[in-house]
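Peer 1: So here's my_file_8.cif (mmCIF, C-alpha atoms).
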data_start
loop_
_atom_site.label_atom_id
_atom_site.label_comp_id
_atom_site.auth_asym_id
_atom_site.auth_seq_id
_atom_site.Cartn_x
_atom_site.Cartn_y
_atom_site.Cartn_z
CA MET A 1 21.93 65.90 71.88
CA LYS A 2 20.35 64.22 74.87
CA ILE A 3 19.14 60.80 73.72
CA VAL A 4 17.33 58.05 75.60
CA VAL A 5 17.58 54.58 74.07
CA LYS A 6 15.25 51.83 75.24
CA VAL A 7 16.00 48.19 74.44
CA GLY A 8 13.42 45.47 74.92
CA THR A 9 13.89 41.91 76.05
CA SER A 10 13.42 40.64 72.49
CA THR A 11 16.39 42.78 71.42
CA LEU A 12 18.65 41.67 74.26
CA ALA A 13 17.89 37.97 74.54
CA TYR A 14 17.07 34.90 72.53
CA PRO A 15 13.67 33.24 73.06
CA THR A 16 15.48 30.90 75.48
CA GLY A 17 16.06 33.86 77.79
CA HIS A 18 19.82 33.67 77.30
CA ILE A 19 21.56 36.87 76.23
CA ASN A 20 22.22 37.63 72.57
CA ILE A 21 25.91 38.33 73.11
CA ARG A 22 26.70 39.65 69.63
CA ARG A 23 23.82 42.14 69.69
CA VAL A 24 24.50 43.44 73.20
CA GLU A 25 28.20 43.86 72.42
CA SER A 26 27.28 45.89 69.34
CA LEU A 27 24.77 47.99 71.30
CA CYS A 28 27.32 48.94 73.96
CA LYS A 29 29.96 49.78 71.36
CA VAL A 30 27.58 52.04 69.40
CA LEU A 31 26.24 53.82 72.50
CA ALA A 32 29.78 54.40 73.80
CA ASP A 33 30.76 55.84 70.43
CA ILE A 34 27.71 58.14 70.34
CA ALA A 35 28.61 59.34 73.83
CA ASN A 36 32.22 59.90 72.70
CA ALA A 37 30.87 62.27 70.03
CA GLY A 38 29.59 64.56 72.80
CA ASN A 39 26.01 63.35 73.22
CA ASP A 40 24.33 62.58 76.52
CA VAL A 41 23.26 58.92 76.36
CA ILE A 42 20.77 57.25 78.69
CA LEU A 43 19.95 53.55 78.32
CA VAL A 44 16.63 52.14 79.53
CA THR A 45 16.93 48.38 79.52
CA SER A 46 14.48 45.54 79.86
CA GLY A 47 15.64 41.99 80.29
CA ALA A 48 16.02 41.37 84.03
CA ILE A 49 13.22 38.81 84.25
CA GLY A 50 14.13 37.25 80.90
CA MET A 51 17.77 36.97 81.87
CA GLY A 52 16.82 35.59 85.27
CA MET A 53 14.80 32.92 83.50
CA GLY A 54 17.88 31.87 81.57
CA LYS A 55 20.09 31.90 84.66
CA LEU A 56 17.54 29.87 86.65
CA SER A 57 16.82 27.51 83.72
CA LEU A 58 13.10 28.36 83.73
CA SER A 59 11.29 27.14 80.62
CA LYS A 60 8.68 29.92 80.62
CA ARG A 61 8.02 33.31 82.17
CA PRO A 62 6.74 32.89 85.76
CA ASP A 63 3.08 33.61 86.42
CA ASP A 64 3.18 34.48 90.13
CA ILE A 65 4.55 37.76 91.45
CA ALA A 66 7.09 36.25 93.86
CA SER A 67 8.70 34.15 91.11
CA LYS A 68 8.81 37.13 88.73
CA GLN A 69 10.48 39.22 91.41
CA ALA A 70 12.96 36.44 92.18
CA ALA A 71 13.84 36.08 88.49
CA ALA A 72 14.24 39.85 88.21
CA ALA A 73 16.56 39.95 91.22
CA VAL A 74 18.80 37.25 89.73
CA GLY A 75 18.63 38.65 86.20
CA GLN A 76 19.36 42.26 87.15
CA CYS A 77 22.72 41.24 88.60
CA GLU A 78 23.64 39.46 85.39
CA LEU A 79 22.37 42.32 83.24
CA MET A 80 24.44 44.99 84.99
CA TYR A 81 27.52 42.77 85.13
CA ILE A 82 27.38 42.44 81.35
CA TYR A 83 26.78 46.16 80.74
CA ASP A 84 29.54 47.20 83.13
CA LYS A 85 32.00 44.83 81.48
CA LEU A 86 31.15 45.78 77.89
CA PHE A 87 30.95 49.55 78.39
CA GLY A 88 34.17 49.35 80.41
CA GLU A 89 35.94 48.02 77.32
CA TYR A 90 35.27 51.44 75.73
CA ASN A 91 36.28 53.40 78.86
CA ARG A 92 32.70 54.28 79.71
CA ILE A 93 31.44 54.30 83.30
CA VAL A 94 27.85 53.19 83.86
CA ALA A 95 25.41 53.70 86.72
CA GLN A 96 22.48 51.49 87.67
CA ILE A 97 19.18 53.21 88.47
CA LEU A 98 16.11 51.17 89.44
CA LEU A 99 12.85 53.12 89.46
CA THR A 100 9.27 52.65 90.59
CA GLY A 101 6.11 54.68 89.97
CA ASN A 102 7.10 57.08 92.75
CA ILE A 103 9.08 58.93 90.11
CA VAL A 104 5.76 60.02 88.59
CA HIS A 105 3.65 60.60 91.69
CA ASP A 106 6.04 62.15 94.19
CA ALA A 107 7.39 65.65 93.44
CA GLU A 108 10.40 65.28 95.76
CA SER A 109 11.39 61.95 94.21
CA LEU A 110 11.13 63.46 90.73
CA SER A 111 13.23 66.46 91.73
CA ASN A 112 15.90 64.21 93.26
CA PHE A 113 15.91 62.01 90.15
CA ARG A 114 16.40 65.00 87.85
CA ALA A 115 19.26 66.38 89.95
CA MET A 116 20.98 62.99 90.13
CA MET A 117 20.63 62.42 86.39
CA ALA A 118 22.03 65.86 85.61
CA ARG A 119 25.04 65.16 87.81
CA LEU A 120 25.68 61.75 86.25
CA LEU A 121 25.61 63.25 82.76
CA GLU A 122 27.94 66.06 83.85
CA MET A 123 30.34 63.31 85.00
CA HIS A 124 30.06 61.63 81.56
CA VAL A 125 28.43 58.53 83.04
CA ILE A 126 25.95 56.48 81.03
CA PRO A 127 22.90 55.89 83.28
CA ILE A 128 21.32 52.46 82.82
CA ILE A 129 17.72 52.44 84.00
CA ASN A 130 15.21 49.67 84.64
CA GLU A 131 12.07 49.33 86.68
CA ASN A 132 12.70 47.88 90.13
CA ASP A 133 10.82 44.68 89.37
CA SER A 134 12.00 42.97 92.55
CA VAL A 135 10.09 45.33 94.84
CA ALA A 136 7.45 47.00 92.64
CA THR A 137 3.86 46.36 93.69
CA ALA A 138 0.61 47.31 91.98
CA GLU A 139 0.55 50.70 93.74
CA ILE A 140 4.00 51.79 92.56
CA LYS A 141 4.48 49.74 89.40
CA ILE A 142 5.00 51.50 86.06
CA GLY A 143 4.46 48.20 84.27
CA ASP A 144 6.48 48.43 81.06
CA ASN A 145 9.73 49.99 79.95
CA ASP A 146 8.27 51.79 76.93
CA THR A 147 6.33 53.96 79.37
CA LEU A 148 9.28 54.12 81.77
CA SER A 149 11.62 55.36 79.02
CA ALA A 150 9.11 58.03 77.99
CA ILE A 151 8.82 59.20 81.61
CA VAL A 152 12.62 59.37 81.81
CA ALA A 153 12.83 61.32 78.53
CA GLN A 154 10.14 63.73 79.71
CA SER A 155 11.70 64.18 83.15
CA ILE A 156 15.21 65.05 81.93
CA GLY A 157 14.20 67.10 78.88
CA ALA A 158 15.57 64.67 76.30
CA ASP A 159 15.65 65.59 72.62
CA LEU A 160 14.92 62.07 71.38
CA LEU A 161 13.70 58.71 72.64
CA VAL A 162 14.52 55.68 70.51
CA LEU A 163 12.54 52.51 71.19
CA MET A 164 14.49 49.54 69.83
CA SER A 165 12.08 46.67 69.27
CA ASP A 166 11.57 43.51 67.21
CA ILE A 167 9.46 45.39 64.66
CA ASP A 168 10.50 48.04 62.13
CA GLY A 169 8.03 50.67 63.33
CA LEU A 170 4.31 51.45 63.34
CA TYR A 171 2.38 49.80 60.51
CA THR A 172 -1.09 50.30 59.09
CA ALA A 173 -1.83 46.74 60.27
CA ASP A 174 0.06 43.94 62.02
CA PRO A 175 2.78 42.99 59.47
CA ARG A 176 3.07 39.55 61.04
CA ARG A 177 -0.50 38.81 59.96
CA ASP A 178 -1.19 41.15 57.05
CA PRO A 179 1.25 41.09 54.09
CA ASN A 180 -0.27 44.35 52.82
CA ALA A 181 0.63 46.29 55.96
CA LYS A 182 2.61 49.44 55.24
CA LEU A 183 5.15 51.19 57.46
CA ILE A 184 4.11 54.65 58.67
CA SER A 185 7.27 56.76 58.48
CA GLU A 186 6.06 59.80 60.43
CA VAL A 187 3.31 60.66 62.90
CA ARG A 188 2.60 64.28 63.80
CA GLU A 189 -0.68 63.72 65.63
CA LEU A 190 -1.95 60.78 67.64
CA THR A 191 -5.39 60.52 66.07
CA PRO A 192 -7.94 57.88 67.14
CA ASP A 193 -7.04 55.91 63.99
CA ILE A 194 -3.35 55.87 64.95
CA LEU A 195 -4.08 54.90 68.55
CA ALA A 196 -6.32 52.07 67.33
CA LEU A 197 -3.26 50.44 65.72
CA GLY A 198 -1.90 49.47 69.14
CA GLU A 199 -2.56 45.97 70.40
CA GLY A 200 -1.20 43.30 72.79
CA ALA A 201 2.26 42.28 73.90
CA GLY A 202 5.01 41.45 71.44
CA SER A 203 7.34 38.62 72.46
CA SER A 204 6.72 35.95 75.07
CA LEU A 205 9.57 37.29 77.20
CA GLY A 206 8.56 40.97 77.25
CA THR A 207 5.65 43.00 78.58
CA GLY A 208 5.39 45.65 75.85
CA GLY A 209 3.70 45.86 72.48
CA MET A 210 2.59 48.60 70.11
CA GLN A 211 0.01 49.83 72.60
CA THR A 212 2.66 50.68 75.18
CA LYS A 213 4.78 52.34 72.48
CA LEU A 214 1.90 54.59 71.46
CA HIS A 215 1.39 55.48 75.12
CA ALA A 216 5.08 56.38 75.27
CA ALA A 217 4.60 58.54 72.17
CA GLN A 218 1.78 60.42 73.93
CA ILE A 219 4.09 61.24 76.83
CA CYS A 220 7.01 62.28 74.61
CA MET A 221 5.00 64.35 72.15
CA GLY A 222 3.29 66.11 75.03
CA ALA A 223 6.73 67.05 76.37
CA GLY A 224 8.06 68.23 73.01
CA CYS A 225 10.40 65.24 72.68
CA ASP A 226 10.72 63.30 69.42
CA MET A 227 10.32 59.53 69.60
CA ARG A 228 11.33 56.91 67.06
CA ILE A 229 10.46 53.21 66.89
CA VAL A 230 13.09 51.14 65.09
CA ASN A 231 14.10 47.52 64.70
CA GLY A 232 16.79 46.77 67.27
CA SER A 233 18.29 43.76 65.50
CA GLU A 234 21.18 45.92 64.23
CA PRO A 235 22.22 48.48 66.88
CA THR A 236 24.29 50.32 64.25
CA ILE A 237 20.96 51.77 63.09
CA LEU A 238 21.55 54.36 65.83
CA TYR A 239 24.43 55.81 63.79
CA GLY A 240 22.04 56.50 60.94
CA ILE A 241 19.59 58.23 63.26
CA MET A 242 22.33 60.48 64.63
CA ASP A 243 23.40 61.27 61.05
CA GLY A 244 19.91 62.38 60.07
CA GLU A 245 18.59 59.21 58.47
CA ALA A 246 14.97 58.24 59.09
CA PRO A 247 14.46 54.53 59.81
CA GLY A 248 11.32 53.22 61.47
CA THR A 249 8.56 55.57 62.59
CA LEU A 250 9.18 59.09 63.89
CA PHE A 251 6.69 60.64 66.30
CA VAL A 252 7.29 64.38 66.07
CA GLY A 253 7.42 66.16 69.41
CA GLY A 254 8.05 69.60 67.94
CA LYS A 255 10.94 70.64 70.19
#
Turn the structure described in the file into structure tokens.

Peer 2:
Amino acid sequence: MKIVVKVGTSTLAYPTGHINIRRVESLCKVLADIANAGNDVILVTSGAIGMGMGKLSLSKRPDDIASKQAAAAVGQCELMYIYDKLFGEYNRIVAQILLTGNIVHDAESLSNFRAMMARLLEMHVIPIINENDSVATAEIKIGDNDTLSAIVAQSIGADLLVLMSDIDGLYTADPRRDPNAKLISEVRELTPDILALGEGAGSSLGTGGMQTKLHAAQICMGAGCDMRIVNGSEPTILYGIMDGEAPGTLFVGGK
């Protein structure tokens, strides 16, 4: 199976911006093990700006573009250092790939990306992908890693995209505000009622929310790729998914 796993800032870091060491260690161990079983694993990671905030001792997410880009530049170094170290403990080589919106709009860039990804997977490397927040401008910015991960899944013909978030899946209402909200276990069609369930950003550190996840589902389902939203607090949930269990919300791509 070719699986893309996206982890958000809220999964990787505490609200302080500092890394959640126990969770990231578990994530790397599980992904390495899934790759050892013969699966192609691609990790799309958020967290560069959040981690840069922690490293720079910033009390809140910067508002201006230059400060965000500076935090991303600092945080990306820390992020990849940690991934390289932890995956290396399980004899897994990783590669850093930083993308911008050119991947969508330029046919040559997309072709080169596909060829490079295919070669990395042939070499049993785990690609680790993030948006290039340090140089992205409005013209070439994708904007959120839910959408980025869906574009990656679509581009490489993935079988499954797993969005690991701070919520269990798609609900009939916001479960943080409505105690009667019910988890929707499966979505086969993105009806207007389903799309209306998306609203604003989740955590203070991240840029995504349910709206961006539903947009990702549109991309994946259109490409015939399944997508699942799950709670990322326990990375071992990925074992259950690979074994046929059904946590969170599955968006059926019909591949």

Peer 1: Please provide as an NGL selection string all residues within 12 Å of Gly88 (chain A), with the sequence filter that same-chain residues fewer than 4 positions apart are discarded (counting all atoms listed in the file).

Peer 2: :A and (25 or 28-29 or 32 or 80-84 or 92-95 or 125-126)

Peer 1: Since we have the selection now, will you write its residues out, keeping C-alpha atoms, as a PDB file, keeping the file's coordinate frame?

Peer 2:
ATOM      1  CA  GLU A  25      28.200  43.860  72.420  1.00  0.00           C
ATOM      2  CA  CYS A  28      27.320  48.940  73.960  1.00  0.00           C
ATOM      3  CA  LYS A  29      29.960  49.780  71.360  1.00  0.00           C
ATOM      4  CA  ALA A  32      29.780  54.400  73.800  1.00  0.00           C
ATOM      5  CA  MET A  80      24.440  44.990  84.990  1.00  0.00           C
ATOM      6  CA  TYR A  81      27.520  42.770  85.130  1.00  0.00           C
ATOM      7  CA  ILE A  82      27.380  42.440  81.350  1.00  0.00           C
ATOM      8  CA  TYR A  83      26.780  46.160  80.740  1.00  0.00           C
ATOM      9  CA  ASP A  84      29.540  47.200  83.130  1.00  0.00           C
ATOM     10  CA  ARG A  92      32.700  54.280  79.710  1.00  0.00           C
ATOM     11  CA  ILE A  93      31.440  54.300  83.300  1.00  0.00           C
ATOM     12  CA  VAL A  94      27.850  53.190  83.860  1.00  0.00           C
ATOM     13  CA  ALA A  95      25.410  53.700  86.720  1.00  0.00           C
ATOM     14  CA  VAL A 125      28.430  58.530  83.040  1.00  0.00           C
ATOM     15  CA  ILE A 126      25.950  56.480  81.030  1.00  0.00           C
TER      16      ILE A 126
END

Peer 1: What's around region 9-23 of chain A at 6 Å? Count only C-alpha atoms, leave out sequence neighbours fewer than 5 positions away in its own chain, and write the answer as a PDB file with C-alpha atoms, keeping the file's coordinate frame.

Peer 2:
ATOM      1  CA  SER A  46      14.480  45.540  79.860  1.00  0.00           C
ATOM      2  CA  GLY A  47      15.640  41.990  80.290  1.00  0.00           C
ATOM      3  CA  GLY A  50      14.130  37.250  80.900  1.00  0.00           C
ATOM      4  CA  MET A  51      17.770  36.970  81.870  1.00  0.00           C
ATOM      5  CA  MET A  53      14.800  32.920  83.500  1.00  0.00           C
ATOM      6  CA  GLY A  54      17.880  31.870  81.570  1.00  0.00           C
ATOM      7  CA  GLY A 206       8.560  40.970  77.250  1.00  0.00           C
ATOM      8  CA  GLY A 232      16.790  46.770  67.270  1.00  0.00           C
TER       9      GLY A 232
END

Peer 1: Counting only C-alpha atoms, what is within 6 Å of region 41-44 of chain A, bar same-chain residues fewer than 2 positions away, as a tab-separated table (two decimals) with C-alpha atoms, keeping the file's coordinate frame?

Peer 2:
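What follows is the written file out_18.tsv:
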chain	number	residue	atom	x	y	z
A	3	ILE	CA	19.14	60.80	73.72
A	4	VAL	CA	17.33	58.05	75.60
A	5	VAL	CA	17.58	54.58	74.07
A	6	LYS	CA	15.25	51.83	75.24
A	35	ALA	CA	28.61	59.34	73.83
A	126	ILE	CA	25.95	56.48	81.03
A	127	PRO	CA	22.90	55.89	83.28
A	128	ILE	CA	21.32	52.46	82.82
A	129	ILE	CA	17.72	52.44	84.00
A	130	ASN	CA	15.21	49.67	84.64
A	149	SER	CA	11.62	55.36	79.02

Peer 1: Once you add 3 Å to each side, what are the centre and edge lengths of the axis-aligned box holding all listed atoms of region 62-77 of chain A? One decimal in Å, as AutoDock Vina command-line options, if you can.

Peer 2:
--center_x 12.9 --center_y 37.6 --center_z 89.8 --size_x 25.6 --size_y 15.4 --size_z 14.1

Peer 1: Which residues fall under the PyMOL selection byres ((chain A and resi 158) around 10) in this file, as an MDAnalysis selection string?

Peer 2: chainID A and resid 1:4 40:42 150 152:157 159:161 220 223:227 255

Peer 1: Keeping only C-alpha atoms, write the selected residues as a PDB file, in the frame of the given file.

Peer 2:
ATOM      1  CA  MET A   1      21.930  65.900  71.880  1.00  0.00           C
ATOM      2  CA  LYS A   2      20.350  64.220  74.870  1.00  0.00           C
ATOM      3  CA  ILE A   3      19.140  60.800  73.720  1.00  0.00           C
ATOM      4  CA  VAL A   4      17.330  58.050  75.600  1.00  0.00           C
ATOM      5  CA  ASP A  40      24.330  62.580  76.520  1.00  0.00           C
ATOM      6  CA  VAL A  41      23.260  58.920  76.360  1.00  0.00           C
ATOM      7  CA  ILE A  42      20.770  57.250  78.690  1.00  0.00           C
ATOM      8  CA  ALA A 150       9.110  58.030  77.990  1.00  0.00           C
ATOM      9  CA  VAL A 152      12.620  59.370  81.810  1.00  0.00           C
ATOM     10  CA  ALA A 153      12.830  61.320  78.530  1.00  0.00           C
ATOM     11  CA  GLN A 154      10.140  63.730  79.710  1.00  0.00           C
ATOM     12  CA  SER A 155      11.700  64.180  83.150  1.00  0.00           C
ATOM     13  CA  ILE A 156      15.210  65.050  81.930  1.00  0.00           C
ATOM     14  CA  GLY A 157      14.200  67.100  78.880  1.00  0.00           C
ATOM     15  CA  ASP A 159      15.650  65.590  72.620  1.00  0.00           C
ATOM     16  CA  LEU A 160      14.920  62.070  71.380  1.00  0.00           C
ATOM     17  CA  LEU A 161      13.700  58.710  72.640  1.00  0.00           C
ATOM     18  CA  CYS A 220       7.010  62.280  74.610  1.00  0.00           C
ATOM     19  CA  ALA A 223       6.730  67.050  76.370  1.00  0.00           C
ATOM     20  CA  GLY A 224       8.060  68.230  73.010  1.00  0.00           C
ATOM     21  CA  CYS A 225      10.400  65.240  72.680  1.00  0.00           C
ATOM     22  CA  ASP A 226      10.720  63.300  69.420  1.00  0.00           C
ATOM     23  CA  MET A 227      10.320  59.530  69.600  1.00  0.00           C
ATOM     24  CA  LYS A 255      10.940  70.640  70.190  1.00  0.00           C
TER      25      LYS A 255
END

Peer 1: Step by step, work through what the PyMOL selection byres ((chain A and resi 165) around 8) selects in the shown file, and finish by giving those residues as a list in words.

Peer 2: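 For this structure, the PyMOL selection byres ((chain A and resi 165) around 8) resolves to Val7, Gly8, Ser10, Thr11, Leu163, Met164, Asp166, Ile167, Asp168, Ile229, Val230, Asn231, Gly232 and Ser233 of chain A.
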
Peer 1: Please work out which residues fall within 6 Å of (23.5, 48.0, 71.4), coordinates as given in the file, with all atoms listed in the file counting, and return them as a list of chain:residue names.

Peer 2: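 Returned residue set, sorted by chain then number, is A:Val24, A:Ser26, A:Leu27, A:Cys28, A:Pro235.
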
Peer 1: Between A:Thr100, A:Asn36, A:Ser185, A:Asn132, which has the minimum distance to Thr172 (chain A) (counting all atoms listed in the file)?

Peer 2: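 Smallest separation from Thr172 (chain A) among the options: A:Ser185.
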
Peer 1: Tell me which residues the PyMOL selection byres ((chain A and resi 147) around 9) grabs here, as a PDB file with C-alpha atoms, in the coordinates of the input.

Peer 2:
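File written: result.pdb
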ATOM      1  CA  ILE A 142       5.000  51.500  86.060  1.00  0.00           C
ATOM      2  CA  GLY A 143       4.460  48.200  84.270  1.00  0.00           C
ATOM      3  CA  ASP A 144       6.480  48.430  81.060  1.00  0.00           C
ATOM      4  CA  ASN A 145       9.730  49.990  79.950  1.00  0.00           C
ATOM      5  CA  ASP A 146       8.270  51.790  76.930  1.00  0.00           C
ATOM      6  CA  LEU A 148       9.280  54.120  81.770  1.00  0.00           C
ATOM      7  CA  SER A 149      11.620  55.360  79.020  1.00  0.00           C
ATOM      8  CA  ALA A 150       9.110  58.030  77.990  1.00  0.00           C
ATOM      9  CA  ILE A 151       8.820  59.200  81.610  1.00  0.00           C
ATOM     10  CA  VAL A 152      12.620  59.370  81.810  1.00  0.00           C
ATOM     11  CA  THR A 212       2.660  50.680  75.180  1.00  0.00           C
ATOM     12  CA  LYS A 213       4.780  52.340  72.480  1.00  0.00           C
ATOM     13  CA  HIS A 215       1.390  55.480  75.120  1.00  0.00           C
ATOM     14  CA  ALA A 216       5.080  56.380  75.270  1.00  0.00           C
ATOM     15  CA  ALA A 217       4.600  58.540  72.170  1.00  0.00           C
ATOM     16  CA  ILE A 219       4.090  61.240  76.830  1.00  0.00           C
TER      17      ILE A 219
END

Peer 1: Separation of CA of Val162 (chain A) and CA of Arg228 (chain A), in Å?

Peer 2: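 Interatomic distance here is 4.9 Å.
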
Peer 1: Can you measure CA of Pro192 (chain A) to CA of Gln218 (chain A) for me? One decimal in Å is fine.

Peer 2: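 That distance, rounded to one decimal, is 12.1 Å.
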